[in-house]
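In what follows, a structure is listed as structure tokens, so that the remarks can point back to it.
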Amino acid sequence: MTTVLRRNLIEKVWESHVVDRAPDEPDLLYVDLHLLHEASSPQAFDGLRLSGRQVRRPDLALALEDHNVPTNTLLVKDALGRAQLERLRENCEDGGIELFSLGDDRQGIVHVVAPELGFVRPGMTVVCGDSHTSTHGAFGALAFGVGTSDVEHVLATQTLALQRPKTMAVEFVGEPSADVTPKDLILALIAHIGANGANGYAIEYRGKAVENLSMEGRMTVCNMSIEAGARAGLVAPDDTTLEYLHERWDAATGGWDEAVAHWRSLATDEGAAFDRVVRLDVTALKPFVTWGTNPGQAVALDAEVPDPGSFAAGAEQAAARRALEYMGIEPGVAMRELTIDTVFLGSCTNGRIEDLRAAADVLRGRTVAPTLDLLVVPGSMAVRAQAEAEGLHRVFLDAGAQWRLSGCSMCMGINADRLQGIQRVASTSNRNYEGRQGTNARTHLVSPAVAAATAVAGRLATASDLITPEHRNESIQPQGAKA
């Protein structure tokens with residue numbers, strides 16, 4: 001009797017890349033695409049030089065300047081940032097690696113640029129010295145963030161030694177309402193399973209709510225897999241994936257039909273098993289916002305700040321108390337009552353053109369509250385150019401926002417955009433850790449639509465909170481949905 005082997009998406013991609021396997025050892029995987037940036041690569045190149053090695057496959061690497069770049073000027077004033085950028089340029093020139101530098105029309109955040117230029121395809125393995133490499137899993141790629149020693153190993157060998165993760169299926173049950181965005185889906189999941197709930201797993205996101213997302217929406221969901229503790233997050237390629245990739249396919253190379261056949265074969269086989277299945281009903285889901293200092297500390301925006309006493313005694317309760325102390329808020333306060341000093345719209349999580357469109361839809365004809373600053377940072381210079389072609393920049397500027405160049409910006413406080421002093425910020429980025437956006441920054445993670453509404457209201461708000469009689473007939477397109 002013949003046994004039919006049924007495998008899930010994660011297993012198929014993993015097994016197709018195993019170069020070597022030995023008992024009680026990590027698998028050695030071949031790497032299809034190696035992404036680099038200035039903040040995590042200098043020591044890796046130094047290690048290569050010390051060992052007398054060369055970059056093995058420079059044609060399978062791509063470098064960008066994003067973490068340390070300023071977004072209001074092309075002049076890098078920070079000494080450390082300037083040194084890291086200069087080192088990256090030297091290292092890429094020596095290693096023959098393509099680099100999109102500050103001032104290049106193709107420059108931007110690595111996890112925004114690589115997909116938009118067609119570098120990422122289904123079934124690939126993608127690595128980068130950056131946690132949010134999981135973004136590229138939206139294409140059905142197995143994408144990992146790695147440490148500096150791993151960056152060196154990939155540069156030298158084009159392989160990576162990794163323990164095979166367990167597999168988890170996350171099934172979003174039902175269809176969410178129009179005001180629920182991809183950011184709300186992933187925040188709700190992390191709140192449901194905890195910020196370490198997927199530790200040791202790679203996730204496949206499934207369900208009608210995921211199928212209905214655009215590629216940009218899927219990238220947002222996969223981007224924050226790491227915030228759930230997962231090693232990677234993937235979505236199986238489908239017609240939406242193929243449409244996105246076809247627009248970026250070089251017809252002169254041919255092979256489209258063969259590629260499509262392979263990509264479709266990656267879908268999880270019917271009856272294939274996962275090590276764990278998580279189901280989350282999103283039918284009644286509402287826009288989400290974080291209240292604490294990890295992405296799992298989140299509630300619906302129309303809820304109240306929870307009482308630490310409602311959490312399990314011990315570490316979880318202590319973490320909640322510490323979070324509220326750092327955030328400077330009290331249990332029982334309505335989230336909508338929290339006033340905001342700064343709003344940040346950008347990052348590899350929510351700095352794509354659909355994110356800017358969603359925010360502009362809310363801001364159009366309105367004005368940013370005089371009590372706060374709104375910083376709008378496109379995820380790439382290509383996104384910036386497209387936004388300007390569509391007139392979105394005029395919406396932002398007319399509303400009183402700052403319209404910036406591209407970079408990681410306020411997502412991580414290692415550049416000129418970091419916050420100074422105690423400030424409360426509504427941010428479309430991915431992490432709300434203590435000091436993440438500045439030494440005393442108090443971060444609330446939100447979607448682009450909530451960020452824009454908050455900028456107008458001066459407090460945490462949704463677009464529906466802003467509706468006045470003259471605006472009631474305006475239609476706001478659900479962000480992250482297929483057109």
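Ligands are numbered from 1 in the order shown, residues from 1 within each chain, and chains are lettered A, B, ... in the order they appear in the structure tokens.
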
For this session: as JSON, numbers by chain, list the residues of stretch 20-197 of chain A assigned to alpha helix (DSSP H) by DSSP on the backbone atoms of this structure.
Result: {"A": [42, 43, 44, 45, 46, 47, 48, 49, 50, 51, 79, 80, 81, 82, 83, 84, 85, 86, 87, 88, 89, 90, 91, 92, 93, 94, 95, 110, 111, 112, 113, 114, 115, 116, 148, 149, 150, 151, 152, 153, 154, 155, 156, 157, 182, 183, 184, 185, 186, 187, 188, 189, 190, 191, 192, 193]}

Problem set entry | Test item: residues at most 12 Å from stretch 239-247 of chain A, only C-alpha atoms, excluding those fewer than 3 positions along its chain, as a VMD selection string | chain A and resid 115 to 122 136 to 141 210 to 219 235 to 236 250 to 251 254 to 257 259 to 264 481 to 483

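The space between atom CA of A:Leu234 and atom CA of A:Asn294 spans 22.2 Å.
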
Problem set entry | Minimum-distance residue to A:Val343, chosen among A:Thr71, A:Asn415, A:Ser464, A:Gln402 (using only C-alpha atoms) |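 For A:Val343, the nearest of the candidates is A:Gln402.
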
Sort by chain and increasing residue number a table of all residues of stretch 92-193 of chain A within 9 Å of stretch 14-19 of chain A, each with its closest pair of atoms and their distance in Å to one decimal, counting only C-alpha atoms, and write it as a tab-separated table.
```
residue	atom	partner	partner_atom	distance
A:Gly123	CA	A:Ser16	CA	8.6
A:Met124	CA	A:His17	CA	8.6
A:Thr125	CA	A:His17	CA	7.7
A:Leu142	CA	A:Trp14	CA	7.4
A:Thr159	CA	A:Val19	CA	8.1
A:Arg164	CA	A:Trp14	CA	8.1
```

For this session: Enumerate the residues of stretch 185-315 of chain A with a DSSP assignment of strand (DSSP E), computed from the backbone, and present them as a VMD selection string.
Result: chain A and resid 201 to 206 232 to 234 276 to 281 288 to 290 298 to 300

Seminar exercise, completed: A:Gly229 proximity check over A:Thr181, A:Gly292, A:Ser131, A:Arg106, using only C-alpha atoms: winner is A:Ser131

Give me the residues of stretch 303-407 of chain A that have any atom at most 10 Å from an atom of stretch 48-70 of chain A; for each, the nearest atom pair and the distance in Å, rounded to one decimal. Use only C-alpha atoms, sort by chain and number, and format it as JSON lines.
```
{"residue": "A:Gly379", "atom": "CA", "partner": "A:Asp66", "partner_atom": "CA", "distance": 9.4}
{"residue": "A:Ser380", "atom": "CA", "partner": "A:Asp66", "partner_atom": "CA", "distance": 9.2}
{"residue": "A:Arg404", "atom": "CA", "partner": "A:Pro70", "partner_atom": "CA", "distance": 9.1}
{"residue": "A:Leu405", "atom": "CA", "partner": "A:Pro70", "partner_atom": "CA", "distance": 7.9}
{"residue": "A:Ser406", "atom": "CA", "partner": "A:Asp66", "partner_atom": "CA", "distance": 7.7}
{"residue": "A:Gly407", "atom": "CA", "partner": "A:Asp66", "partner_atom": "CA", "distance": 4.7}
```

Problem set entry | A:Asp150, A:Asp179, A:Asp275, A:Asp184 ranked by distance to A:Thr167, top pick (using only C-alpha atoms) |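 For A:Thr167, the nearest of the given residues is A:Asp275.
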
Exercise. So which one's closest to A:Ile353, A:Gly296, A:Pro448, A:Gly413, A:Gly309? Using only C-alpha atoms, please.
Worked result: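 Of A:Gly296, A:Pro448, A:Gly413, A:Gly309, the one nearest A:Ile353, counting only C-alpha atoms, is A:Pro448.
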
Exercise. Nearest to A:Leu185: which of A:Ser225, A:Thr342, A:Gln163, A:Gln437 is it, counting only C-alpha atoms?
Worked result: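 Among A:Ser225, A:Thr342, A:Gln163, A:Gln437, it is A:Ser225 that comes nearest to A:Leu185.
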
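Proximity to A:Thr148 at 7 Å, evaluated using only C-alpha atoms and with sequence-adjacent residues fewer than 3 positions away removed, yields Ser40, Ser41, Gln43, Ala44, Gly129, Val151 and Glu152 of chain A.
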
Can you write out the residues you just picked, keeping all heavy atoms, as a PDB file, in the first residue's frame?
```pdb
ATOM      1  N   SER A  40      23.619  45.989  10.794  1.00  0.00           N
ATOM      2  CA  SER A  40      23.950  44.653  11.287  1.00  0.00           C
ATOM      3  C   SER A  40      25.020  43.928  10.478  1.00  0.00           C
ATOM      4  O   SER A  40      25.302  42.766  10.743  1.00  0.00           O
ATOM      5  CB  SER A  40      22.685  43.776  11.312  1.00  0.00           C
ATOM      6  OG  SER A  40      22.191  43.579  10.003  1.00  0.00           O
ATOM      7  N   SER A  41      25.620  44.602   9.493  1.00  0.00           N
ATOM      8  CA  SER A  41      26.550  43.892   8.609  1.00  0.00           C
ATOM      9  C   SER A  41      28.040  44.206   8.796  1.00  0.00           C
ATOM     10  O   SER A  41      28.874  43.414   8.346  1.00  0.00           O
ATOM     11  CB  SER A  41      26.178  44.164   7.149  1.00  0.00           C
ATOM     12  OG  SER A  41      26.333  45.542   6.827  1.00  0.00           O
ATOM     13  N   GLN A  43      30.333  43.972  11.197  1.00  0.00           N
ATOM     14  CA  GLN A  43      31.139  42.929  11.847  1.00  0.00           C
ATOM     15  C   GLN A  43      31.203  41.666  10.997  1.00  0.00           C
ATOM     16  O   GLN A  43      32.206  40.941  11.017  1.00  0.00           O
ATOM     17  CB  GLN A  43      30.548  42.589  13.226  1.00  0.00           C
ATOM     18  CG  GLN A  43      30.535  43.766  14.187  1.00  0.00           C
ATOM     19  CD  GLN A  43      29.204  44.509  14.146  1.00  0.00           C
ATOM     20  OE1 GLN A  43      28.531  44.551  13.111  1.00  0.00           O
ATOM     21  NE2 GLN A  43      28.832  45.109  15.269  1.00  0.00           N
ATOM     22  N   ALA A  44      30.156  41.389  10.250  1.00  0.00           N
ATOM     23  CA  ALA A  44      30.142  40.203   9.393  1.00  0.00           C
ATOM     24  C   ALA A  44      31.202  40.314   8.300  1.00  0.00           C
ATOM     25  O   ALA A  44      31.937  39.357   8.015  1.00  0.00           O
ATOM     26  CB  ALA A  44      28.760  40.012   8.783  1.00  0.00           C
ATOM     27  N   GLY A 129      19.907  40.374   8.404  1.00  0.00           N
ATOM     28  CA  GLY A 129      20.234  40.675   9.790  1.00  0.00           C
ATOM     29  C   GLY A 129      19.251  41.660  10.373  1.00  0.00           C
ATOM     30  O   GLY A 129      19.618  42.745  10.829  1.00  0.00           O
ATOM     31  N   VAL A 151      24.963  36.267   9.389  1.00  0.00           N
ATOM     32  CA  VAL A 151      25.181  37.092   8.200  1.00  0.00           C
ATOM     33  C   VAL A 151      26.531  36.750   7.579  1.00  0.00           C
ATOM     34  O   VAL A 151      26.657  36.575   6.358  1.00  0.00           O
ATOM     35  CB  VAL A 151      25.106  38.595   8.555  1.00  0.00           C
ATOM     36  CG1 VAL A 151      25.537  39.452   7.361  1.00  0.00           C
ATOM     37  CG2 VAL A 151      23.695  38.974   9.003  1.00  0.00           C
ATOM     38  N   GLU A 152      27.537  36.629   8.421  1.00  0.00           N
ATOM     39  CA  GLU A 152      28.874  36.266   7.921  1.00  0.00           C
ATOM     40  C   GLU A 152      28.860  34.886   7.271  1.00  0.00           C
ATOM     41  O   GLU A 152      29.456  34.684   6.198  1.00  0.00           O
ATOM     42  CB  GLU A 152      29.880  36.288   9.068  1.00  0.00           C
ATOM     43  CG  GLU A 152      31.300  35.918   8.644  1.00  0.00           C
ATOM     44  CD  GLU A 152      32.271  35.854   9.810  1.00  0.00           C
ATOM     45  OE1 GLU A 152      31.939  36.358  10.902  1.00  0.00           O
ATOM     46  OE2 GLU A 152      33.368  35.284   9.623  1.00  0.00           O
TER      47      GLU A 152
END
```

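Proximity to A:His153 was assessed for A:Leu85, A:Ala451, A:Val31, A:Ala320 counting only C-alpha atoms; the smallest distance is recorded for A:Val31.
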
Problem set entry | Between atom CA of A:Glu25 and atom CA of A:Ala272, distance in Å (one decimal) | 25.4 Å

Exercise. Near A:Val362, within 10 Å and counting only C-alpha atoms, which residues show up once chain neighbours fewer than 5 positions away are dropped, as a list in words?
Worked result: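 Residues near the query, excluding close chain neighbours: Arg357, Val395, Pro448, Ala449, Val450, Ala451, Ala452, Ala453, Thr454, Ala455, Val456, Thr462, Ala463, Ser464, Leu466, Ile467, Glu474, Ser475, Ile476 and Gln477 of chain A.
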
Problem set entry | Contacts of A:Ala401 at 8 Å (only C-alpha atoms; same-chain gap of 6+ positions) as a PyMOL selection string | chain A and resi 368+373-376

How would the residues just chosen look if you wrote them out with N, CA, C and O atoms as a PDB file, in the first residue's frame?
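result03.pdb, written as the output of this step:
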```pdb
ATOM      1  N   VAL A 368      -4.332  68.411  11.284  1.00  0.00           N
ATOM      2  CA  VAL A 368      -3.675  67.791  12.433  1.00  0.00           C
ATOM      3  C   VAL A 368      -3.884  68.666  13.664  1.00  0.00           C
ATOM      4  O   VAL A 368      -3.780  69.901  13.596  1.00  0.00           O
ATOM      5  N   ASP A 373       2.571  66.440  16.639  1.00  0.00           N
ATOM      6  CA  ASP A 373       3.277  66.399  15.360  1.00  0.00           C
ATOM      7  C   ASP A 373       2.955  65.091  14.657  1.00  0.00           C
ATOM      8  O   ASP A 373       2.918  64.025  15.291  1.00  0.00           O
ATOM      9  N   LEU A 374       2.726  65.159  13.357  1.00  0.00           N
ATOM     10  CA  LEU A 374       2.512  63.970  12.534  1.00  0.00           C
ATOM     11  C   LEU A 374       3.669  63.847  11.557  1.00  0.00           C
ATOM     12  O   LEU A 374       3.911  64.743  10.750  1.00  0.00           O
ATOM     13  N   LEU A 375       4.383  62.727  11.650  1.00  0.00           N
ATOM     14  CA  LEU A 375       5.547  62.456  10.798  1.00  0.00           C
ATOM     15  C   LEU A 375       5.155  61.364   9.810  1.00  0.00           C
ATOM     16  O   LEU A 375       4.805  60.255  10.218  1.00  0.00           O
ATOM     17  N   VAL A 376       5.209  61.660   8.523  1.00  0.00           N
ATOM     18  CA  VAL A 376       4.867  60.687   7.478  1.00  0.00           C
ATOM     19  C   VAL A 376       6.134  60.323   6.721  1.00  0.00           C
ATOM     20  O   VAL A 376       6.748  61.173   6.072  1.00  0.00           O
TER      21      VAL A 376
END
```

Problem set entry | Spatial neighbours of A:Ala191, max dist 10 Å, only C-alpha atoms, sep filter under 4 positions, as a list in words |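 Counting only the stated atoms, we get Ile186, Leu187, Ala195, Gly197, Ala228, Phe288, Thr290, Asn294, Pro295, Gly296, Gln297, Ala298 and Val299 of chain A.
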